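Visitor: Take this structure, written in structure tokens, and hold onto it; I'll ask about it next.
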Amino acid sequence: MSVYTHLEQQDIEAFLAGYDQGELVDFRGIEAGVENSNYFVNTQVAGEAEVRQFVLTLFEYQPREQLPFFIDFMSLLADNGLPVPAPVRNREGEALLTLKGKPCLLQPRMPGEHLEKQEITAPKCFTIGRYLASIHRIGQSASISQENLRGIPWIQAQVDRLTPLLSEAEREFLTEQWQEISKELKQFSDLPEGLIHADLFFDNVLFDNSEVSGIIDFFQSCHDWLIYDVSVAVNDWCLNDDLRLDAEKTEAFLNGYQSVRLFTPEEKQAWPVIQRLSCLRFWLSRLVTFVHPEDHHDSYQNDEAVRTFLDPEKFQAMLRIRSKNNSAIS
């Protein structure tokens, strides 16, 4: 969540005119996250004492035709009782609109606050594991679907594109890792699939009085391996300062997940290579976003953009560490 497209007061007032959500009180850009422009927007309806709080998201690179899936997925999860912000619809019943030439969504701002890294405990990891499994259980029975825009074909394309652009040491490491990961993945032909969050980092969950009050930012969601989604989350929630996984937190997360959905034997065996795959994917995506952008990221290259830089080297270092670990889930 960053600010690439700048909005003025009149832009948001004109946008809100199509809703029954009151008059604009104030707004501010959210200078956090990576790939979309986001604003906190507060409104007030005449006669109401409470201010209504929203998040306005402008999509900077996703094709418009792929965005209805996110709306449907978030609405599905919210309808099933999960603390997910179902997009707000205007008077015409539309959730996906256009602002400053960009597709956009208005969502309720969920209550609560993000945890600080030091506040992440094993019991909280258990809770998040349980919520992630609930997302997967609901998603597996859904009739909607969308391919992973940053799945295996995208990774292969980025390896091919980035190889000549990297330093010799990085080039050799990337080539070696992708060859090994690709070979190992061929052993696993029956990993359970379904709808996944794909970006459940700890800053995408809100807590209120130690309870989960919001699970947000579903804009990488897609259909893919469920165990991959678990790995993405574990690599953030259970991470020590030395970039190794905290054993107690990792066990708690996996136990929380399995309190709702049990891993298959193949998922347990695939865990080491899936860990490496998830590190590689985020190393590549951060290289693409901030170092060697693709054509559709050109809109980021402007002097007015407020960007939050996330170091690609972190995931490269994590990949080096994970490549030495062959421990399956017990």
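Identifiers in this document derive from the order of the structure tokens: chains are assigned A, B, ..., residues are numbered from 1 separately in each chain, and ligands are numbered from 1 in order of occurrence.
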Do a neighbour search on A:Glu116 at 9 Å with only C-alpha atoms, toss out local chain neighbours closer than 2 positions, and write the hits as a PyMOL selection string.

Guide: chain A and resi 114+118-120+202-203

Visitor: Keeping all heavy atoms for every residue in the selection just given, could you write it to a file as a JSON list (two decimals), in the first residue's frame?

Guide:
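Once everything was written out, this is part.json:
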[["chain", "number", "residue", "atom", "x", "y", "z"],
["A", 114, "HIS", "N", -2.12, -2.82, 13.47],
["A", 114, "HIS", "CA", -1.11, -3.81, 13.10],
["A", 114, "HIS", "C", -0.24, -4.12, 14.31],
["A", 114, "HIS", "O", 0.03, -3.25, 15.14],
["A", 114, "HIS", "CB", -0.22, -3.28, 11.98],
["A", 114, "HIS", "CG", -0.96, -2.96, 10.72],
["A", 114, "HIS", "ND1", -1.49, -3.94, 9.91],
["A", 114, "HIS", "CD2", -1.25, -1.78, 10.14],
["A", 114, "HIS", "CE1", -2.08, -3.36, 8.87],
["A", 114, "HIS", "NE2", -1.95, -2.06, 8.99],
["A", 118, "GLN", "N", 7.76, -7.32, 17.53],
["A", 118, "GLN", "CA", 8.02, -7.94, 18.82],
["A", 118, "GLN", "C", 6.76, -8.43, 19.51],
["A", 118, "GLN", "O", 6.82, -9.16, 20.51],
["A", 118, "GLN", "CB", 8.76, -6.96, 19.75],
["A", 118, "GLN", "CG", 8.00, -5.71, 20.14],
["A", 118, "GLN", "CD", 8.19, -4.58, 19.14],
["A", 118, "GLN", "OE1", 8.65, -4.79, 18.02],
["A", 118, "GLN", "NE2", 7.89, -3.36, 19.57],
["A", 119, "GLU", "N", 5.59, -8.05, 19.00],
["A", 119, "GLU", "CA", 4.32, -8.49, 19.59],
["A", 119, "GLU", "C", 3.84, -9.81, 19.02],
["A", 119, "GLU", "O", 2.83, -10.36, 19.50],
["A", 119, "GLU", "CB", 3.25, -7.42, 19.36],
["A", 119, "GLU", "CG", 3.50, -6.09, 20.06],
["A", 119, "GLU", "CD", 2.44, -5.06, 19.75],
["A", 119, "GLU", "OE1", 2.24, -4.74, 18.55],
["A", 119, "GLU", "OE2", 1.78, -4.59, 20.70],
["A", 120, "ILE", "N", 4.52, -10.33, 18.03],
["A", 120, "ILE", "CA", 4.11, -11.60, 17.43],
["A", 120, "ILE", "C", 4.57, -12.73, 18.34],
["A", 120, "ILE", "O", 5.76, -12.96, 18.53],
["A", 120, "ILE", "CB", 4.71, -11.76, 16.02],
["A", 120, "ILE", "CG1", 4.21, -10.65, 15.10],
["A", 120, "ILE", "CG2", 4.32, -13.13, 15.45],
["A", 120, "ILE", "CD1", 4.83, -10.68, 13.72],
["A", 202, "PHE", "N", 2.44, -10.16, 8.20],
["A", 202, "PHE", "CA", 1.83, -9.73, 9.46],
["A", 202, "PHE", "C", 1.24, -8.33, 9.37],
["A", 202, "PHE", "O", 0.34, -7.98, 10.14],
["A", 202, "PHE", "CB", 2.81, -9.86, 10.64],
["A", 202, "PHE", "CG", 3.85, -8.78, 10.76],
["A", 202, "PHE", "CD1", 3.58, -7.62, 11.47],
["A", 202, "PHE", "CD2", 5.11, -8.94, 10.20],
["A", 202, "PHE", "CE1", 4.54, -6.63, 11.61],
["A", 202, "PHE", "CE2", 6.07, -7.95, 10.33],
["A", 202, "PHE", "CZ", 5.79, -6.79, 11.04],
["A", 203, "ASP", "N", 1.69, -7.52, 8.41],
["A", 203, "ASP", "CA", 1.10, -6.19, 8.28],
["A", 203, "ASP", "C", -0.20, -6.20, 7.47],
["A", 203, "ASP", "O", -0.79, -5.14, 7.22],
["A", 203, "ASP", "CB", 2.09, -5.19, 7.67],
["A", 203, "ASP", "CG", 2.61, -5.60, 6.30],
["A", 203, "ASP", "OD1", 2.20, -6.66, 5.79],
["A", 203, "ASP", "OD2", 3.43, -4.85, 5.74]]

Visitor: Do you know which residues are at most 6 Å from stretch 24-31 of chain A counting only C-alpha atoms, after dropping those on the same chain fewer than 5 positions away, and could you put them as JSON, numbers by chain?

Guide: {"A": [2, 38, 39, 40, 41, 42, 43]}

Visitor: Do you have the atom CA of A:Ile216-atom CA of A:Val84 distance handy?

Guide: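 Atom CA of A:Ile216 sits 6.3 Å away from atom CA of A:Val84.
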
Visitor: May I have the residues within 9 Å of A:Leu284 as a list of chain:residue names, using only C-alpha atoms and disregarding those fewer than 4 positions away in the same chain?

Guide: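 Answer for this query is A:Ile155, A:Gln158, A:Val159, A:Leu162, A:Cys279, A:Leu280, A:Val288, A:Thr289, A:Pro312, A:Phe315, A:Gln316.
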
Visitor: Residues within 12 Å of A:Arg320, please, as a PyMOL selection string. Count only C-alpha atoms; anything in the same chain fewer than 5 positions from it doesn't count.

Guide: chain A and resi 170+173-174+176-177+243-244+275-277+279-280+283+313-315+325

Visitor: So how many Å separate atom CA of A:Glu65 and atom CA of A:Gln156, to one decimal?

Guide: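 Taking atom CA of A:Glu65 and atom CA of A:Gln156, their separation equals 23.7 Å.
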
Visitor: Between A:Ala328, A:Ala49, A:Val260, A:Val232, which residue has the minimum interatomic distance to A:Pro272, considering only C-alpha atoms?

Guide: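 Answer, going by the shortest atom-to-atom distance: A:Ala328.
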
Visitor: What is the distance between atom CA of A:Phe54 and atom CA of A:Met110, in Å to one decimal?

Guide: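 So the answer is 8.1 Å.
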
Visitor: Just the residues within 12 Å of A:Pro192, please, counting only C-alpha atoms, with nothing from its chain fewer than 4 positions along; format it as a PyMOL selection string.

Guide: chain A and resi 136-137+139-140+188+196+223-229+261-268+270

Visitor: Using only C-alpha atoms, which protein or nucleic acid residues come within 12 Å of A:Ser143? Drop anything in the same chain fewer than 3 positions from it, and give the result as a list in words.

Guide: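 Residues near the query, excluding close chain neighbours: Phe69, Asp72, Phe73, Leu76, Ile138, Gly139, Gln140, Gln146, Gly194, Leu195 and His223 of chain A.
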
Visitor: Could those selected residues go to a file with N, CA and C atoms, as a compact mmCIF listing (two decimals), in the first residue's frame?

Guide:
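And here's part33.txt as it stands now:
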# COMPACT_ATOMS: atom_id res chain seq x y z
N PHE A 69 -12.57 -10.77 -9.55
CA PHE A 69 -12.29 -11.94 -8.72
C PHE A 69 -12.01 -11.53 -7.27
N ASP A 72 -15.22 -10.65 -5.52
CA ASP A 72 -16.02 -11.84 -5.21
C ASP A 72 -15.41 -12.65 -4.07
N PHE A 73 -14.08 -12.77 -4.06
CA PHE A 73 -13.41 -13.56 -3.03
C PHE A 73 -13.56 -12.90 -1.66
N LEU A 76 -17.11 -13.26 -0.50
CA LEU A 76 -17.37 -14.63 -0.09
C LEU A 76 -16.87 -14.89 1.33
N ILE A 138 -12.88 -22.38 2.86
CA ILE A 138 -13.94 -21.67 2.14
C ILE A 138 -13.60 -21.58 0.65
N GLY A 139 -12.34 -21.28 0.36
CA GLY A 139 -11.91 -21.12 -1.03
C GLY A 139 -11.96 -22.39 -1.83
N GLN A 140 -11.74 -23.53 -1.19
CA GLN A 140 -11.75 -24.80 -1.91
C GLN A 140 -13.14 -25.16 -2.45
N GLN A 146 -9.05 -17.79 -10.21
CA GLN A 146 -8.17 -16.93 -11.00
C GLN A 146 -6.74 -17.47 -10.88
N GLY A 194 -6.39 -24.49 -4.27
CA GLY A 194 -7.60 -23.76 -3.96
C GLY A 194 -7.32 -22.27 -3.98
N LEU A 195 -8.25 -21.49 -3.49
CA LEU A 195 -8.06 -20.04 -3.44
C LEU A 195 -7.19 -19.69 -2.23
N HIS A 223 -5.72 -18.80 -7.39
CA HIS A 223 -5.83 -20.25 -7.24
C HIS A 223 -4.43 -20.84 -7.35

Visitor: Would you give me, as a tab-separated table, each residue of stretch 117-226 of chain A having an atom within 12 Å of an atom of stretch 95-109 of chain A, along with its shortest atom pair and that distance in Å to one decimal, using only C-alpha atoms and sorting by chain and residue number?

Guide:
residue	atom	partner	partner_atom	distance
A:Leu206	CA	A:Arg109	CA	10.5
A:Ser213	CA	A:Arg109	CA	10.6
A:Gly214	CA	A:Arg109	CA	8.8
A:Ile215	CA	A:Arg109	CA	10.7
A:Ile216	CA	A:Arg109	CA	9.4
A:Asp217	CA	A:Gln107	CA	10.5
A:Phe218	CA	A:Gln107	CA	11.7
A:Phe219	CA	A:Leu105	CA	11.0
